[in-house]
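*Asks:* Here it is: the structure, laid out below.
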Amino acid sequence: MAGYDYDVVILGGGPGGYVAGIRAGQLGLKAAVIERDKVGGVCVNEGCIPSKALIHQAELFRSIPSLKEIGLSVDTKGFDYKAVFDKSRKASDALMKGVQFLLKKNKAVTIPAEGTLSGRNEITLKDGKKITGKNIVIATGSRPRVIPGFEFDEERVLSSTGAIMLTKLPKKAIILGAGAIGVEFAHIFNAFGVEVHLVEMLDRILPIEDAEAVKVLARAFQKRGVQMYTGTKAVSVQKTAGGVSVVLEDKGGARKAVDADQILVVVGRTPNTDGIGLEKVGITTEKGFIPVGDFNQTKVSGIYAIGDVVNTPLLAHVAFKEAEIAIEHMAGKSPEPRIDPLSIPSATYCEPQVASFGLPEWKAVEQKLSFAKASFPYRGAGKSVALEQTEGFVKVIYEPKTKEILGVHIVGADATEIMHEMLLGRTAELLPEDIALMIHAHPTLSEAVGEAMRAVEGWAIHV
Amino acid sequence: MPEKILMMALSPTMDTGTLARWRKKEGDTVAVGDVLCEVETDKATMDYESTSEGTLLKIVVPAGGQAKVGDTIAILGKPGEDFSALLADARPAVAKAPAASATGAARAPTPVPAGASTAPMAHAHVPASGRVRSSPLARRIAAQKGIDLRSLQGSGPEGRIVKRDLDAAPVRAVSGVMAARQAGQAPAVPSYTPGPGDEVVPLSSMRRIIARRLSESMFSAPHYYLTVAVAMDELLATRTRLNAGREKRASINAFLLAMAGRALLRHPKVNSTWNGDSIIRHTTADIGLAVALPDGLITPVVRDCGRKGILAIDGDLAGLVERARAGKLLPAEYEGNTFTISTLGSAGIDEFTAVINPPGSAILAVGAIRKEPVVGDNDTIAIRQRMRVTLSCDHRVIDGAVGAAFLRELADMLENPMLALA
């Protein structure tokens with residue numbers, strides 16, 4: 001305890017790092033957060049937050065046709081995407097300042113510099129200054145993954161960062177990768193009138209989500225004119241005078257060239273574990289990730305790793321939780337040693353939204369688990385009809401004997417919000433009847449959740 | 001900053017410990033791994049090692065004092081730090097010590113599913129109202145599997161029993177008594193008003209455990225008893241020959257364990273555990289030997305008696321019995337028996353019946369060896385040294401013919417030791 005500058009030094013000020021700093025302060029630990037760019041990391045500045053701001057603006061724009069239905073004529077000639085972009089920056093800025101405030105409020109010191117590990121209890125900054133800590137938390141996050149041949153120039157070939165920073169939209173764009181990020185950008189671009197070509201190597205967009213839920217989204221995208229190529233990979237990209245030319249190859253080997261103004265490559269993220277000094281403390285990575293055991297401890301006593309550098313889902317809320325686990329453990333508390341992977345929510349904010357946790361049906365089948373399923377269509381909840389947003393359903397996968405909730409998949413308006421009632425059901429080990437018998441306010445979309453649980457018991461009412 | 005040192009659960013059945021002796025005093029420096037104090041639990045006296053470093057600022061529970069698991073027993077920190085806030089705090093949550101993992105390790109060689117854990121029933125966190133905190137899912141699983149919630153230790157918030165606690169619990173049929181408990185009612189206990197000369201003796205942890213475990217065994221396992229009179233002449237002569245010239249003479253118990261072990265391997269149905277919806281057959285005979293203690297008893301277990309030699313078993317027993325009498329047995333040394341032997345011969349008892357000691361499904365009660373007239377071949381009378389043994393069997397697991405075959409073979413092996421090798 002004696003002799004260290006801080007109780008904990010946190011390398012990285014993104015969602016993992018700043019939450020670690022705040023929690024450390026709350027528990028009375030002297031903490032420093034070393035951040036080379038802006039606190040809040042990718043999430044606040046280039047990811048979660050600005051993308052949700054863009055999506056909100058996209059929804060406003062998409063509601064223009066329905067305004068026409070009530071006699072309003074909207075002149076879209078003056079549409080200025082730069083103004084949309086500015087709003088997203090405003091949101092990021094406000095939250096980034098909010099994170100700075102929270103760190104200060106909790107007495108965590110922010111050190112604006114780039115640091116690397118130089119010893120078990122030491123980080124060395126770029127200017128040579130050494131910072132020592134009784135414990136170290138590695139929270140250096142991740143960056144967009146590069147495919148050889150598709151290197152980012154952020155002009156013709158964009159990463160998600162480049163796409164978030166666009167001040168002008170292309171007329172035609174190819175999006176490589178239909179995970180949550182690719183699907184959200186497809187949604188935004190298409191909403192603002194860009195011709196979108198969405199390419200995915202696996203057999204459907206959002207491949208890790210439940211297949212039935214994805215079908216609903218894919219249908220909606222199709223109706224909106226998003227061109228989707230599944231089971232297809234991109235072979236090469238050539239920069240042309242006006243943009244890019246990309247050669248696609250499908251499963252049968254047939255090739256086709258697609259031209260566009262820009263291509264957005266969002267096929268995953270690479271952990272920032274190179275060049276941070278792991279070798280100085282004897283930590284070797286596995287597939288780029290830092291191996292950790294209970295409480296996010298690395299094999300070096302006193303050094304923890306959280307967030308995108310660890311092989312858990314690359315989600316901000318996972319980083320938040322891992323930050324709490326690591327800090328609470330080092331402060332002598334007993335948090336859960338590991339996050340239950342089936343209780344991690346996943347959210348895709350396109351329209352209709354897709355939200356889920358636990359096992360998708362295809363995984364339950366693959367693992368040969370005994371399961372049953374029940375679902376309830378959005379249409380059965382009156383609110384959806386009043387909102388003119390009736391597409392979607394709430395689906396529950398459960399263990400037939402005990403009715404333990406194994407997975408929930410919601411596609412539809414506000415799915416990302418109404419999923420939490422079910423998630424609480426899983427984490428508090430409630431039974432479907434506990435949720436089914438609870439009075440849900442009418443008219444709300446949450447009624448679809450209550451009714452889905454009634455369907456599990458066999459007594460859904462509004463279907 | 002100062003931190004509380006809490007009383008840890010040093011064994012799965014511990015809920016209170018007595019501070020036997022402080023090995024550090026206030027003002028001493030403590031390093032990680034130093035023994036802070038000795039704690040007397042329901043089973044043994046254990047060393048409490050520190051997991052932090054610092055100076056022992058205050059001893060909260062003095063030597064001789066009692067503390068419940070989770071109570072603060074001392075404060076550790078930097079000299080001069082103010083720890084008054086910590087003393088004022090409410091009692092923190094139950095802490096579980098690594099000793100519990102040793103239980104699992106003892107059974108590791110046998111391919112036994114986790115459900116057949118051999119840990120003795122852990123004490124449930126039961127608040128004064130008698131209701132056990134549990135999640136709805138855990139309650140349903142317990143009801144479906146016939147598990148008594150009150151026998152479990154909850155690992156959820158505030159000691160709540162959650163699904164994973166049931167995954168580790170031994171499964172057993174719910175008797176009427178336990179069904180009542182599971183419904184949240186404490187079984188009715190008659191209370192007596194002590195007379196003027198009566199002494200009211202508070203229950204020790206060991207007494208509580210014995211009462212609970214053996215009641216549960218008797219109430220859930222349908223016991224029946226098989227008795228055989230064994231001629232011990234050959235075995236005693238064999239023992240004399242084996243011990244000739246040996247400084248350390250092998251005990252009779254070592255022979256009993258060796259023979260019983262071999263008989264169990266030949267009769268795997270007897271070497272089994274009732275598991276609610278299945279029966280676990282064990283591939284090693286781990287036999288517990290009942291050892292009397294001043295205020296109770298304990299059964300240290302000798303592992304793999306079916307394959308160990310008599311001398312090896314004797315060596316194991318010597319160490320175990322010594323530690324048992326000193327109150328220093330580790331949980332891994334008294335848990336996980338597949339069979340038990342109890343002897344009261346030295347107490348002058350001719351024959352008796354014993355209560356089955358779970359997770360075993362049978363127990364052998366051994367009486368004294370007495371010279372008796374016996375009718376031999378051609379109706380002649382001879383004097384033999386006879387010992388009456390009574391086997392208690394759990395009829396859910398062991399049917400009469402099965403128990404009889406095992407006991408007969410064991411008796412034959414005792415009467416004719418070479419049969420153990422045949």
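Just remember, in the structure tokens the first chain shown is A, the second B, etc., residues are 1-based per chain, and ligands are 1-based in the order shown.
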Give me the residues within 7 Å of Val35 (chain B) as a list in words, counting only C-alpha atoms and dropping any in the same chain fewer than 3 places off.
*Replies:*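 The contact residues come out as Arg23, Asp47, Tyr48, Glu49 and Ser50 of chain B.
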*Asks:* I need the chain B residues near chain A as a tab-separated table (two decimals) with C-alpha atoms, in the first residue's frame; criterion: at most 8 Å, counting only C-alpha atoms.
*Replies:*
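Result file is part_16.tsv:
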chain	number	residue	atom	x	y	z
B	135	SER	CA	-35.82	-17.55	-6.05
B	136	PRO	CA	-39.05	-18.82	-7.60
B	137	LEU	CA	-37.08	-20.97	-10.05
B	138	ALA	CA	-35.00	-22.50	-7.27
B	140	ARG	CA	-39.66	-25.09	-8.31
B	141	ILE	CA	-36.50	-27.11	-9.05
B	162	VAL	CA	-30.66	-19.70	-6.42
B	163	LYS	CA	-30.59	-22.30	-9.17
*Asks:* Would you kindly return, as an MDAnalysis selection string, each protein, DNA or RNA residue with an atom no farther than 9 Å from any atom of region 322-326 of chain B, considering only C-alpha atoms and excluding same-chain residues fewer than 5 positions away?
*Replies:* chainID B and resid 43:45 291:294 297:300 317
*Asks:* Name all residues at most 10 Å from Gly47 (chain A) (count only C-alpha atoms; drop same-chain ones fewer than 4 positions away) and give them as a list in words.
*Replies:*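 So, after excluding close chain neighbours, the residues are Gly41, Val42, Cys43, Ser51, Lys52, Ser92, Ser160, Thr161, Ile164, Ile181 and Ala316 of chain A.
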*Asks:* Kindly export the residues of the current selection with N, CA and C atoms, as a compact mmCIF listing (two decimals), in the first residue's frame.
*Replies:*
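The new file selection-v3.txt reads:
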# COMPACT_ATOMS: atom_id res chain seq x y z
N GLY A 41 -14.30 7.30 -24.69
CA GLY A 41 -13.83 6.34 -25.68
C GLY A 41 -14.64 6.30 -26.96
N VAL A 42 -14.60 5.14 -27.61
CA VAL A 42 -15.32 4.98 -28.87
C VAL A 42 -16.81 5.12 -28.62
N CYS A 43 -17.32 4.52 -27.57
CA CYS A 43 -18.75 4.53 -27.28
C CYS A 43 -19.32 5.94 -27.32
N SER A 51 -24.14 7.29 -33.04
CA SER A 51 -24.97 6.50 -33.95
C SER A 51 -26.43 6.55 -33.54
N LYS A 52 -26.71 6.53 -32.23
CA LYS A 52 -28.11 6.61 -31.81
C LYS A 52 -28.70 7.99 -32.11
N SER A 92 -22.42 13.75 -28.48
CA SER A 92 -21.15 13.19 -28.03
C SER A 92 -20.42 14.15 -27.11
N SER A 160 -16.04 2.29 -39.40
CA SER A 160 -17.21 2.85 -38.70
C SER A 160 -16.89 4.26 -38.21
N THR A 161 -15.63 4.49 -37.84
CA THR A 161 -15.25 5.83 -37.39
C THR A 161 -15.44 6.84 -38.50
N ILE A 164 -19.13 7.49 -39.11
CA ILE A 164 -19.75 8.32 -38.09
C ILE A 164 -19.39 9.79 -38.30
N ILE A 181 -23.53 -3.19 -36.24
CA ILE A 181 -23.03 -1.91 -36.75
C ILE A 181 -23.41 -1.73 -38.22
N ALA A 316 -20.55 -2.10 -24.82
CA ALA A 316 -20.24 -1.12 -23.78
C ALA A 316 -20.75 -1.59 -22.42
*Asks:* Find the residues near Ala108 (chain A): any atom within 9 Å, counting only C-alpha atoms, skip ones fewer than 5 places away on the same chain, and give them as a list in words.
*Replies:*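 That gives Tyr18, Gly21, Ile22, Ala24, Gly25, Leu29, Lys30, Ala31, Ala32, Val33, Leu102 and Leu103 of chain A.
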*Asks:* For each of A:Leu169, A:Val265, A:Ala180, A:Ala139, take the minimum atom-to-atom distance to Phe289 (chain A), counting only C-alpha atoms, then give the residue where this is smallest.
*Replies:*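 Selected residue with least distance to Phe289 (chain A): A:Ala139.
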*Asks:* Could you name the residues that touch Pro268 (chain B) at 10 Å or less, counting only C-alpha atoms, but leaving out those on the same chain fewer than 3 positions away, as a VMD selection string?
*Replies:* chain B and resid 263 to 265 271 to 272 280 to 285 402 406
*Asks:* Any chance you can output those residues with C-alpha atoms as a PDB file, in the first residue's frame?
*Replies:*
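For reference, part_34.pdb as written:
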ATOM      1  CA  ALA B 263     -16.190 -57.077  -0.314  1.00  0.00           C
ATOM      2  CA  LEU B 264     -17.658 -53.724  -1.411  1.00  0.00           C
ATOM      3  CA  LEU B 265     -15.803 -53.812  -4.717  1.00  0.00           C
ATOM      4  CA  ASN B 271     -21.119 -49.224  -2.430  1.00  0.00           C
ATOM      5  CA  SER B 272     -23.698 -46.751  -3.735  1.00  0.00           C
ATOM      6  CA  ILE B 280     -24.631 -43.397  -7.886  1.00  0.00           C
ATOM      7  CA  ARG B 281     -22.355 -46.448  -7.889  1.00  0.00           C
ATOM      8  CA  HIS B 282     -18.886 -45.606  -6.609  1.00  0.00           C
ATOM      9  CA  THR B 283     -15.802 -47.260  -8.008  1.00  0.00           C
ATOM     10  CA  THR B 284     -13.692 -46.910  -4.869  1.00  0.00           C
ATOM     11  CA  ALA B 285     -14.611 -48.016  -1.350  1.00  0.00           C
ATOM     12  CA  VAL B 402     -28.148 -57.941  -2.109  1.00  0.00           C
ATOM     13  CA  PHE B 406     -22.490 -58.809   0.600  1.00  0.00           C
TER      14      PHE B 406
END
*Asks:* Can you pull out the residues contacting Val226 (chain A)? Cut-off 7 Å, using only C-alpha atoms, and skip same-chain residues under 5 positions away; I want them as a ChimeraX atom specification.
*Replies:* /A:190,196-197,221
*Asks:* Could you write those residues out with C-alpha atoms, as a JSON list (two decimals), in the first residue's frame?
*Replies:*
[["chain", "number", "residue", "atom", "x", "y", "z"],
["A", 190, "ASN", "CA", -31.23, 4.19, -46.41],
["A", 196, "VAL", "CA", -27.51, 0.77, -49.82],
["A", 197, "HIS", "CA", -25.93, -2.56, -50.76],
["A", 221, "PHE", "CA", -35.25, -3.68, -45.16]]
*Asks:* Can you pull out every residue from region 169-386 of chain B that DSSP, working from the backbone, puts in strand (DSSP E), and format the result as a ChimeraX atom specification?
*Replies:* /B:223-231,272-274,279-281,287-289,291-293,296-298,301-302,339-343,362-375,381-386
*Asks:* Please produce a file of those selected residues containing C-alpha atoms, as a PDB file, in the first residue's frame.
*Replies:*
ATOM      1  CA  HIS B 223     -33.369 -49.052   7.452  1.00  0.00           C
ATOM      2  CA  TYR B 224     -33.265 -52.826   7.866  1.00  0.00           C
ATOM      3  CA  TYR B 225     -30.676 -54.912   9.680  1.00  0.00           C
ATOM      4  CA  LEU B 226     -28.768 -58.113   8.936  1.00  0.00           C
ATOM      5  CA  THR B 227     -26.724 -59.854  11.632  1.00  0.00           C
ATOM      6  CA  VAL B 228     -23.994 -62.432  11.253  1.00  0.00           C
ATOM      7  CA  ALA B 229     -21.801 -64.101  13.870  1.00  0.00           C
ATOM      8  CA  VAL B 230     -18.246 -64.295  12.501  1.00  0.00           C
ATOM      9  CA  ALA B 231     -15.578 -66.724  13.758  1.00  0.00           C
ATOM     10  CA  SER B 272     -23.698 -46.751  -3.735  1.00  0.00           C
ATOM     11  CA  THR B 273     -25.493 -43.507  -2.921  1.00  0.00           C
ATOM     12  CA  TRP B 274     -29.191 -42.646  -3.265  1.00  0.00           C
ATOM     13  CA  ILE B 279     -28.332 -44.207  -7.776  1.00  0.00           C
ATOM     14  CA  ILE B 280     -24.631 -43.397  -7.886  1.00  0.00           C
ATOM     15  CA  ARG B 281     -22.355 -46.448  -7.889  1.00  0.00           C
ATOM     16  CA  ILE B 287     -14.821 -46.243   4.338  1.00  0.00           C
ATOM     17  CA  GLY B 288     -15.461 -44.042   7.337  1.00  0.00           C
ATOM     18  CA  LEU B 289     -14.588 -45.349  10.780  1.00  0.00           C
ATOM     19  CA  VAL B 291     -14.324 -42.322  16.257  1.00  0.00           C
ATOM     20  CA  ALA B 292     -15.743 -41.287  19.619  1.00  0.00           C
ATOM     21  CA  LEU B 293     -14.958 -37.743  20.761  1.00  0.00           C
ATOM     22  CA  GLY B 296     -19.741 -36.440  19.958  1.00  0.00           C
ATOM     23  CA  LEU B 297     -18.246 -38.483  17.189  1.00  0.00           C
ATOM     24  CA  ILE B 298     -16.657 -38.092  13.809  1.00  0.00           C
ATOM     25  CA  VAL B 301     -12.505 -41.698   5.919  1.00  0.00           C
ATOM     26  CA  VAL B 302      -9.825 -44.025   4.551  1.00  0.00           C
ATOM     27  CA  PHE B 339     -19.554 -47.051   3.573  1.00  0.00           C
ATOM     28  CA  THR B 340     -19.070 -46.764   7.334  1.00  0.00           C
ATOM     29  CA  ILE B 341     -17.868 -49.064  10.112  1.00  0.00           C
ATOM     30  CA  SER B 342     -18.693 -48.459  13.742  1.00  0.00           C
ATOM     31  CA  THR B 343     -17.193 -50.564  16.515  1.00  0.00           C
ATOM     32  CA  ALA B 362     -25.017 -49.018   4.598  1.00  0.00           C
ATOM     33  CA  ILE B 363     -23.106 -49.179   7.882  1.00  0.00           C
ATOM     34  CA  LEU B 364     -21.516 -52.123   9.671  1.00  0.00           C
ATOM     35  CA  ALA B 365     -21.885 -52.234  13.458  1.00  0.00           C
ATOM     36  CA  VAL B 366     -19.133 -54.411  14.982  1.00  0.00           C
ATOM     37  CA  GLY B 367     -19.507 -55.926  18.441  1.00  0.00           C
ATOM     38  CA  ALA B 368     -17.011 -57.466  20.837  1.00  0.00           C
ATOM     39  CA  ILE B 369     -15.060 -60.664  20.159  1.00  0.00           C
ATOM     40  CA  ARG B 370     -16.109 -63.287  22.704  1.00  0.00           C
ATOM     41  CA  LYS B 371     -15.190 -66.905  23.199  1.00  0.00           C
ATOM     42  CA  GLU B 372     -18.265 -69.017  22.551  1.00  0.00           C
ATOM     43  CA  PRO B 373     -19.131 -72.662  22.247  1.00  0.00           C
ATOM     44  CA  VAL B 374     -19.958 -73.353  18.623  1.00  0.00           C
ATOM     45  CA  VAL B 375     -21.429 -76.465  17.000  1.00  0.00           C
ATOM     46  CA  ILE B 381     -18.738 -78.481  20.136  1.00  0.00           C
ATOM     47  CA  ALA B 382     -15.670 -76.244  19.857  1.00  0.00           C
ATOM     48  CA  ILE B 383     -14.660 -72.945  21.399  1.00  0.00           C
ATOM     49  CA  ARG B 384     -14.417 -70.148  18.829  1.00  0.00           C
ATOM     50  CA  GLN B 385     -13.759 -66.411  19.108  1.00  0.00           C
ATOM     51  CA  ARG B 386     -16.935 -64.926  17.702  1.00  0.00           C
TER      52      ARG B 386
END
*Asks:* Can you work out the spacing between CA of Met46 (chain B) and CA of Ala20 (chain B) in Å, to one decimal?
*Replies:* 9.3 Å
